[in-house]
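Below is run09.txt, which holds compact mmCIF, C-alpha atoms.
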```txt
# COMPACT_ATOMS: atom_id res chain seq x y z
CA MET A 1 7.74 -6.15 28.43
CA ARG A 2 5.15 -4.68 26.10
CA ALA A 3 4.14 -1.10 26.96
CA ASP A 4 0.59 -0.49 28.14
CA HIS A 5 -0.10 2.70 26.22
CA LEU A 6 0.91 2.01 22.63
CA TYR A 7 -1.84 3.14 20.29
CA ASN A 8 -2.25 1.70 16.81
CA TYR A 9 -4.71 3.26 14.41
CA ALA A 10 -4.80 0.34 11.97
CA PRO A 11 -4.25 -3.44 12.31
CA TYR A 12 -0.54 -3.71 12.94
CA HIS A 13 2.04 -6.28 14.00
CA TYR A 14 3.55 -5.10 17.27
CA SER A 15 7.20 -4.19 16.94
CA TYR A 16 10.02 -2.80 19.04
CA GLU A 17 11.89 -1.48 15.98
CA TYR A 18 11.19 1.64 13.93
CA ASP A 19 13.08 3.67 11.38
CA TYR A 20 12.73 6.92 13.32
CA ILE A 21 11.96 7.45 17.00
CA PHE A 22 11.02 10.78 18.58
CA THR A 23 11.37 11.11 22.35
CA GLY A 24 9.43 14.16 23.46
CA ALA A 25 6.25 15.52 21.85
CA GLY A 26 6.73 19.22 22.50
CA ALA A 27 7.37 22.02 20.03
CA ALA A 28 10.68 20.59 18.82
CA GLY A 29 9.67 16.98 18.29
CA LEU A 30 6.32 17.80 16.72
CA SER A 31 7.76 20.52 14.46
CA LEU A 32 10.23 18.08 12.90
CA ILE A 33 8.01 15.00 12.65
CA MET A 34 5.23 17.06 11.03
CA ARG A 35 7.64 18.35 8.41
CA MET A 36 8.94 14.84 7.71
CA LEU A 37 5.45 13.38 7.37
CA LYS A 38 4.06 16.21 5.25
CA SER A 39 7.09 16.23 2.93
CA GLY A 40 6.10 12.85 1.44
CA ALA A 41 9.75 11.79 1.48
CA PHE A 42 9.29 9.37 4.39
CA ASP A 43 6.07 7.56 3.47
CA GLN A 44 7.85 4.20 3.41
CA HIS A 45 9.42 4.70 6.85
CA THR A 46 8.03 3.86 10.29
CA PHE A 47 7.92 6.30 13.21
CA LEU A 48 7.48 6.03 16.96
CA LEU A 49 6.61 9.14 18.97
CA VAL A 50 7.04 8.80 22.76
CA ASP A 51 5.92 11.22 25.46
CA ALA A 52 4.38 10.59 28.88
CA ASP A 53 2.21 13.71 28.60
CA TRP A 54 -1.07 13.37 26.69
CA LYS A 55 -0.93 17.09 25.70
CA ARG A 56 -4.59 17.75 26.42
CA LYS A 57 -4.34 21.19 28.01
CA ASN A 58 -3.13 24.64 27.06
CA ASP A 59 0.12 24.53 29.04
CA ARG A 60 1.80 27.41 27.20
CA THR A 61 1.63 29.94 24.39
CA TRP A 62 4.36 30.74 21.92
CA CYS A 63 4.81 34.36 20.82
CA PHE A 64 7.30 35.19 18.07
CA TRP A 65 7.89 37.54 15.15
CA GLU A 66 7.97 36.56 11.48
CA GLU A 67 8.26 38.40 8.17
CA SER A 68 6.14 35.91 6.21
CA ALA A 69 3.91 32.89 6.71
CA GLY A 70 5.61 30.09 8.65
CA PHE A 71 5.03 26.35 8.61
CA PHE A 72 2.36 26.61 11.34
CA ASP A 73 0.85 29.89 10.19
CA ASP A 74 -2.67 28.44 10.08
CA LEU A 75 -2.45 27.94 13.84
CA VAL A 76 -1.71 31.59 14.64
CA CYS A 77 -4.58 32.80 16.82
CA GLN A 78 -3.58 36.47 16.94
CA ARG A 79 -1.26 38.83 15.05
CA TRP A 80 -0.06 42.28 15.98
CA ASN A 81 1.35 44.93 13.65
CA HIS A 82 2.42 47.30 16.43
CA CYS A 83 3.98 46.88 19.85
CA TRP A 84 4.79 48.99 22.87
CA PHE A 85 8.03 49.04 24.83
CA HIS A 86 7.92 50.66 28.28
CA SER A 87 10.45 51.49 30.97
CA GLU A 88 10.41 54.13 33.67
CA GLU A 89 12.28 56.59 31.42
CA PHE A 90 11.16 55.57 27.93
CA SER A 91 8.01 54.46 26.15
CA LYS A 92 7.49 54.00 22.44
CA LYS A 93 4.97 52.39 20.12
CA PHE A 94 6.69 50.62 17.23
CA ASP A 95 5.42 49.79 13.77
CA LEU A 96 6.67 46.22 13.36
CA SER A 97 6.71 46.18 9.55
CA PRO A 98 8.04 44.10 7.81
CA TYR A 99 7.40 41.80 10.77
CA GLN A 100 4.26 40.64 12.52
CA TYR A 101 4.22 39.48 16.10
CA LYS A 102 2.26 36.23 16.35
CA MET A 103 0.79 33.90 18.95
CA ILE A 104 0.15 30.15 18.83
CA ARG A 105 -1.65 28.47 21.73
CA GLY A 106 -0.14 25.21 22.93
CA ILE A 107 -3.43 23.28 22.87
CA ASP A 108 -4.11 24.30 19.25
CA PHE A 109 -0.61 23.22 18.25
CA TYR A 110 -0.85 19.84 20.00
CA GLN A 111 -4.32 19.05 18.68
CA TYR A 112 -3.40 19.94 15.10
CA CYS A 113 -0.23 17.84 15.18
CA PHE A 114 -1.72 14.81 16.89
CA ASP A 115 -4.81 14.81 14.67
CA TYR A 116 -2.56 14.67 11.63
CA ILE A 117 -0.15 12.11 13.12
CA LYS A 118 -3.00 9.79 14.08
CA SER A 119 -4.17 9.80 10.46
CA ARG A 120 -0.87 8.27 9.36
CA GLN A 121 -0.60 4.47 9.43
CA ASN A 122 3.20 4.52 9.61
CA VAL A 123 3.32 6.35 12.96
CA ARG A 124 2.74 4.97 16.45
CA ILE A 125 2.27 7.12 19.57
CA LEU A 126 3.41 5.82 22.93
CA HIS A 127 2.38 7.61 26.15
CA GLU A 128 5.00 6.39 28.61
CA PRO A 129 7.86 8.06 30.52
CA VAL A 130 11.29 7.65 28.94
CA GLU A 131 14.07 6.58 31.29
CA GLN A 132 17.03 7.02 28.94
CA VAL A 133 18.16 7.02 25.32
CA PHE A 134 21.19 5.09 24.10
CA ASN A 135 23.37 5.10 21.01
CA PHE A 136 24.91 2.18 19.10
CA ARG A 137 27.28 2.27 16.14
CA LEU A 138 24.50 1.74 13.59
CA SER A 139 21.32 2.44 15.54
CA ALA A 140 19.88 4.04 18.67
CA GLY A 141 17.15 3.29 21.15
CA LEU A 142 15.33 4.13 24.34
CA THR A 143 14.41 2.52 27.62
CA LEU A 144 11.04 3.25 29.18
CA ALA A 145 10.49 3.61 32.91
CA ASN A 146 8.84 0.18 32.84
CA GLY A 147 12.02 -1.36 31.42
CA SER A 148 10.92 -2.04 27.84
CA LYS A 149 13.23 -0.99 25.01
CA TYR A 150 12.60 0.35 21.50
CA TYR A 151 15.13 0.72 18.70
CA ALA A 152 15.57 3.25 15.88
CA ASN A 153 17.22 1.82 12.78
CA CYS A 154 17.86 5.24 11.24
CA LYS A 155 17.81 8.07 13.80
CA LEU A 156 16.44 8.86 17.22
CA PHE A 157 15.42 12.50 17.71
CA ASN A 158 15.47 13.47 21.38
CA SER A 159 14.04 16.65 22.90
CA ILE A 160 14.07 15.50 26.54
CA PRO A 161 16.89 17.14 28.55
CA PHE A 162 18.06 14.19 30.64
CA THR A 163 21.05 16.01 32.16
CA PRO A 164 20.19 18.49 34.97
CA GLN A 165 20.14 21.86 33.25
CA THR A 166 22.12 23.71 35.92
CA GLN A 167 25.17 21.52 35.42
CA HIS A 168 28.07 22.40 33.10
CA HIS A 169 27.16 26.11 32.96
CA LYS A 170 29.25 29.01 34.21
CA ARG A 171 26.36 31.40 33.68
CA PHE A 172 22.87 30.07 34.18
CA PHE A 173 19.57 31.90 34.54
CA TRP A 174 15.92 30.98 34.37
CA GLN A 175 13.34 32.86 32.40
CA HIS A 176 10.37 32.06 34.61
CA PHE A 177 6.88 33.40 34.20
CA LYS A 178 3.23 33.24 35.11
CA GLY A 179 0.45 34.51 32.89
CA TRP A 180 -3.30 35.03 33.04
CA VAL A 181 -5.74 35.32 30.18
CA ILE A 182 -8.15 37.93 31.50
CA GLU A 183 -11.49 39.21 30.24
CA THR A 184 -12.78 42.65 31.09
CA ALA A 185 -14.93 45.43 29.63
CA PRO A 186 -14.98 45.93 25.82
CA GLY A 187 -12.60 48.65 24.62
CA SER A 188 -9.97 47.91 27.28
CA PHE A 189 -7.34 46.73 24.77
CA ASP A 190 -6.12 47.65 21.28
CA ALA A 191 -6.28 44.29 19.49
CA ASP A 192 -3.69 45.38 16.88
CA THR A 193 -1.04 46.43 19.43
CA CYS A 194 0.76 44.27 21.99
CA THR A 195 3.17 45.22 24.76
CA LEU A 196 6.42 43.40 24.13
CA MET A 197 8.16 44.45 27.35
CA ASP A 198 7.05 46.68 30.22
CA PHE A 199 9.68 47.15 32.90
CA ARG A 200 7.47 49.42 35.02
CA VAL A 201 7.31 46.76 37.73
CA PRO A 202 9.55 46.37 40.82
CA GLN A 203 13.04 45.18 39.83
CA THR A 204 13.77 43.52 43.17
CA VAL A 205 14.20 40.02 41.72
CA GLY A 206 16.38 39.87 38.62
CA SER A 207 15.15 41.63 35.50
CA SER A 208 11.36 41.73 35.69
CA PHE A 209 8.83 42.80 33.08
CA VAL A 210 5.27 42.22 31.91
CA TYR A 211 4.05 41.62 28.40
CA THR A 212 0.44 42.04 27.33
CA MET A 213 -0.95 40.25 24.28
CA PRO A 214 -4.51 41.39 23.45
CA LEU A 215 -6.72 38.70 21.93
CA SER A 216 -9.59 41.12 21.41
CA ASP A 217 -10.61 44.53 22.75
CA SER A 218 -11.79 42.84 25.97
CA ARG A 219 -9.44 39.86 26.39
CA ALA A 220 -5.64 39.59 26.76
CA LEU A 221 -2.81 37.40 27.99
CA VAL A 222 -0.93 39.32 30.70
CA GLU A 223 2.32 37.63 31.70
CA TYR A 224 4.81 38.47 34.45
CA THR A 225 8.34 37.37 33.48
CA ILE A 226 11.65 37.35 35.38
CA PHE A 227 15.26 36.64 34.37
CA SER A 228 17.02 35.38 37.52
CA GLU A 229 19.20 32.57 38.84
CA GLU A 230 16.40 31.13 41.00
CA VAL A 231 12.67 30.75 40.44
CA LEU A 232 10.26 32.23 42.98
CA ALA A 233 9.18 29.93 45.79
CA ALA A 234 5.60 31.06 46.37
CA GLU A 235 2.71 31.42 43.93
CA GLU A 236 1.79 34.78 45.45
CA ASP A 237 5.21 36.13 44.40
CA TYR A 238 3.94 35.89 40.82
CA ASP A 239 0.28 36.62 41.52
CA LEU A 240 0.74 39.89 43.42
CA PRO A 241 2.83 41.62 40.71
CA LEU A 242 0.26 40.50 38.13
CA GLN A 243 -2.61 41.87 40.21
CA ASN A 244 -0.80 45.15 40.84
CA TYR A 245 0.11 45.58 37.18
CA ILE A 246 -3.43 44.98 35.98
CA ARG A 247 -4.83 47.41 38.55
CA GLU A 248 -2.18 50.16 38.53
CA VAL A 249 -0.76 50.12 34.98
CA LEU A 250 -3.56 48.73 32.84
CA LYS A 251 -6.10 50.56 35.06
CA ILE A 252 -8.44 47.58 35.08
CA GLY A 253 -10.41 47.05 38.26
CA GLN A 254 -12.86 44.32 37.31
CA TYR A 255 -11.79 41.29 35.31
CA LYS A 256 -12.17 37.53 35.11
CA VAL A 257 -9.22 35.13 34.86
CA LEU A 258 -10.07 32.64 32.08
CA GLU A 259 -6.79 30.70 31.84
CA ARG A 260 -3.51 30.42 33.71
CA GLU A 261 -0.07 29.34 32.55
CA LYS A 262 3.27 29.03 34.28
CA GLY A 263 6.69 27.87 33.16
CA LYS A 264 10.44 28.29 33.10
CA ILE A 265 13.02 28.28 30.30
CA PRO A 266 16.78 27.79 30.82
CA MET A 267 19.16 30.54 29.70
CA SER A 268 22.83 29.55 29.72
CA ASP A 269 26.23 29.90 28.08
CA PHE A 270 26.57 26.16 27.51
CA LYS A 271 27.78 25.47 23.98
CA PHE A 272 25.98 22.49 22.49
CA ARG A 273 28.01 20.35 20.12
CA GLN A 274 26.26 17.99 17.76
CA GLN A 275 28.21 14.74 17.78
CA LYS A 276 28.30 12.34 14.87
CA SER A 277 25.67 10.05 16.28
CA ASN A 278 22.40 8.23 15.73
CA ILE A 279 20.82 10.47 18.36
CA ILE A 280 19.94 14.00 17.25
CA GLU A 281 19.12 16.44 20.04
CA LEU A 282 16.25 18.86 19.41
CA GLY A 283 14.83 21.95 21.10
CA THR A 284 16.27 23.01 24.44
CA ALA A 285 18.14 19.69 24.66
CA GLY A 286 19.83 20.55 21.36
CA GLY A 287 20.69 24.19 21.99
CA GLN A 288 17.75 25.78 20.18
CA THR A 289 16.93 28.06 23.12
CA LYS A 290 18.72 31.40 22.75
CA GLY A 291 20.97 31.71 25.77
CA SER A 292 20.43 35.38 26.57
CA THR A 293 16.68 35.65 26.01
CA GLY A 294 15.08 32.22 26.27
CA TYR A 295 13.51 32.58 22.80
CA THR A 296 12.96 29.12 21.37
CA PHE A 297 10.04 28.68 18.95
CA SER A 298 11.54 30.42 15.91
CA PHE A 299 14.91 28.73 16.44
CA ILE A 300 13.17 25.35 16.53
CA GLN A 301 11.43 26.09 13.23
CA ARG A 302 14.68 27.02 11.47
CA HIS A 303 16.45 23.98 12.90
CA SER A 304 13.62 21.70 11.76
CA ASP A 305 13.77 23.15 8.25
CA ALA A 306 17.53 22.58 8.13
CA LEU A 307 17.28 18.99 9.40
CA LEU A 308 14.56 18.15 6.87
CA ALA A 309 16.58 19.65 4.00
CA GLN A 310 19.62 17.63 5.09
CA MET A 311 17.68 14.35 5.19
CA LYS A 312 15.89 14.96 1.88
CA LYS A 313 19.34 15.25 0.31
CA GLU A 314 20.11 11.86 1.92
CA LYS A 315 22.77 13.46 4.09
CA ASP A 316 23.37 12.56 7.72
CA PRO A 317 21.48 15.10 9.90
CA SER A 318 24.08 14.68 12.66
CA ARG A 319 26.55 16.38 10.32
CA LEU A 320 24.39 19.48 10.05
CA ARG A 321 26.58 22.45 10.78
CA GLN A 322 25.62 24.11 14.04
CA THR A 323 24.93 27.81 13.84
CA GLY A 324 25.92 30.15 16.64
CA GLY A 325 29.45 31.43 16.19
CA ARG A 326 29.59 35.06 17.12
CA PHE A 327 25.97 34.96 18.36
CA HIS A 328 26.96 32.49 21.04
CA PHE A 329 29.62 34.96 22.12
CA TYR A 330 27.03 37.76 22.21
CA ASP A 331 24.83 35.58 24.42
CA ARG A 332 27.77 35.02 26.78
CA VAL A 333 28.30 38.78 26.95
CA MET A 334 24.63 39.46 27.69
CA LEU A 335 24.59 36.77 30.38
CA ALA A 336 27.76 38.21 31.92
CA VAL A 337 26.09 41.64 32.09
CA MET A 338 23.10 40.03 33.81
CA GLN A 339 25.41 38.23 36.21
CA GLN A 340 27.29 41.40 37.23
CA GLN A 341 23.88 43.11 37.72
CA TRP A 342 25.07 46.43 36.36
CA PRO A 343 23.50 48.06 34.54
CA PRO A 344 20.11 46.54 35.39
CA GLY A 345 18.39 44.54 32.66
CA ALA A 346 15.68 47.19 32.38
CA GLU A 347 18.31 49.78 31.42
CA VAL A 348 19.99 47.49 28.88
CA TYR A 349 16.71 46.82 27.09
CA ARG A 350 15.70 50.50 27.33
CA GLN A 351 18.82 51.55 25.45
CA LEU A 352 18.48 48.64 23.01
CA PHE A 353 14.97 49.69 21.95
CA ALA A 354 15.43 53.45 22.32
CA ARG A 355 18.54 53.63 20.12
CA ASN A 356 17.79 51.08 17.40
CA PRO A 357 14.99 50.50 14.88
CA VAL A 358 12.86 47.56 15.95
CA ASP A 359 13.61 45.50 12.83
CA ARG A 360 17.34 45.66 13.65
CA VAL A 361 16.63 44.56 17.23
CA PHE A 362 14.51 41.64 15.98
CA ARG A 363 17.20 40.49 13.56
CA PHE A 364 19.82 40.69 16.30
CA LEU A 365 17.72 38.73 18.82
CA ASP A 366 16.93 36.22 16.05
CA ASN A 367 20.66 35.64 15.20
CA GLN A 368 19.91 36.98 11.71
CA SER A 369 21.66 40.37 11.83
CA SER A 370 24.69 41.44 9.83
CA PHE A 371 28.02 42.21 11.49
CA GLY A 372 27.52 45.90 10.68
CA GLU A 373 24.15 45.89 12.45
CA GLU A 374 25.70 44.17 15.45
CA LEU A 375 28.33 46.91 15.75
CA LYS A 376 25.52 49.47 15.84
CA ILE A 377 23.66 47.43 18.46
CA PHE A 378 26.64 47.25 20.82
CA ALA A 379 27.51 50.91 20.20
CA SER A 380 24.04 51.76 21.52
CA LEU A 381 24.57 49.90 24.82
CA PRO A 382 26.48 50.98 27.96
CA LYS A 383 30.12 50.75 26.87
CA LEU A 384 32.05 50.07 30.10
CA PRO A 385 29.79 47.29 31.43
CA PHE A 386 29.72 45.56 28.05
CA LEU A 387 33.49 45.89 27.66
CA LYS A 388 34.00 44.23 31.05
CA ALA A 389 31.44 41.56 30.17
CA SER A 390 33.16 40.94 26.79
CA ILE A 391 36.48 40.37 28.54
CA SER A 392 34.79 38.02 31.01
CA ALA A 393 33.05 36.12 28.19
CA THR A 394 36.32 35.77 26.29
CA PHE A 395 38.59 34.53 29.07
CA ALA A 396 36.27 32.97 31.69
```
Kindly present the structure from the file in structure tokens form.
Amino acid sequence: MRADHLYNYAPYHYSYEYDYIFTGAGAAGLSLIMRMLKSGAFDQHTFLLVDADWKRKNDRTWCFWEESAGFFDDLVCQRWNHCWFHSEEFSKKFDLSPYQYKMIRGIDFYQYCFDYIKSRQNVRILHEPVEQVFNFRLSAGLTLANGSKYYANCKLFNSIPFTPQTQHHKRFFWQHFKGWVIETAPGSFDADTCTLMDFRVPQTVGSSFVYTMPLSDSRALVEYTIFSEEVLAAEEDYDLPLQNYIREVLKIGQYKVLEREKGKIPMSDFKFRQQKSNIIELGTAGGQTKGSTGYTFSFIQRHSDALLAQMKKEKDPSRLRQTGGRFHFYDRVMLAVMQQQWPPGAEVYRQLFARNPVDRVFRFLDNQSSFGEELKIFASLPKLPFLKASISATFA
């Protein structure tokens, strides 16, 4: 059965076979396909990009730190050179040099990628739900919800997590959040300084904090975030802490909510293994979400760079060596500390930021630190709880 929503941008003979298929048009799929198309190394190959979502709204923002310009640097809508960290016992404003903290809005990212993809005659976009992906000895393919099948002669890149995310994990948490872009009186925010974490909110549900990302001196994204095993059931459970924080901490009485976003990111100790296969898993489905923090965007960019380099050398991307190693163990330790609920997450992060320079913290959270730096990081944290968590992570 031919799909109803296959869009061709030039006269084209309809086909069910492509060289490369991408299932999922989120950050992971679009980051890799854009690199492949812009590299010029795949001009003679055909691509199919499949996602049921038309990506026409700002469903999320990505905030991340970088030392230099990244692949999507032109899409960065705001940069900060300083950030605050707050807890009940400790507050400090950090100079982020040599880093900048950056923000990319989802709608800007989607529009930029799709505008470019639609200009390419060797790419087709299909807006249909994917039922499953399947692997053969020399190819791979997908089945749509309507029953039609498409085949990838080279590789299929999948960023859709088909397996329920709470399965096969001993330690599993959600990073769940709700954010408002608010507008208020001029001079209410310092546009050069963001708040990375503020734990001065009730810690009754998991580890809870707010981050504030000023877009100007009168506009900011204020987001309430929780690390816990369950998401909150009611909208007001997110809305009330946001309202209280804006009123009591930011001291803002009158404001207008311009945009809203809500989401959840899995945090787990599951160890992803890349099999020798014609299906390459990307993004969260491929283990590019850091288990102990939920950070994803920067990991996706590094993974995309590595996959592209592998393919340009005409090497099988499924043989790309997976990074993690000791960092996966550190994630297991951090998740074990969260699971035992002592010390509270607010105290762990307070000691992390109070006792280390921010560039060391960033490298550690980015899986880019040296072993010597990691020893200093763990020496700065509560010793007995982390020793118990290390034993649990080793033998559990």
| message | Can you tell me which residues surround Leu250 of chain A at a distance of at most 12 Å, considering all atoms listed in the file, apart from same-chain residues fewer than 2 positions away, and format the answer as number ranges by chain? | response | A: 182, 184, 188-190, 195, 198, 200, 210-212, 214, 220, 222, 242-248, 252-255
| Which residue out of A:Glu229, A:Glu347, A:Asp239, A:Asp53 has the minimum interatomic distance to Glu261 of chain A when all atoms listed in the file are used? | A:Asp239
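Residue neighbourhood of segment 368-372 of chain A, excluding near-sequence residues (fewer than 3 positions): Glu66, Ser298, Phe299, Arg302, Thr323, Gly324, Gly325, Arg326, Phe327, Tyr330, Asp359, Arg360, Val361, Phe362, Arg363, Phe364, Leu365, Leu375, Lys376, Ile377, Phe378 and Ala379 of chain A, at 12 Å, using all atoms listed in the file.
Closest approach to Ile280 of chain A among A:Trp65, A:Phe173, A:Tyr20, A:Phe395: A:Tyr20, based on all atoms listed in the file.
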| message | Given the point (-0.7, 9.4, 8.6) in the file's coordinates, find the residues that have an atom at most 12 Å from it, counting all atoms listed in the file, and give them as a list in words. | response |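 Output of the proximity query reads Asn8, Tyr9, Ala10, Ile33, Met34, Met36, Leu37, Lys38, Ser39, Gly40, Phe42, Asp43, Gln44, His45, Thr46, Phe47, Cys113, Phe114, Asp115, Tyr116, Ile117, Lys118, Ser119, Arg120, Gln121, Asn122, Val123, Arg124 and Ile125 of chain A.
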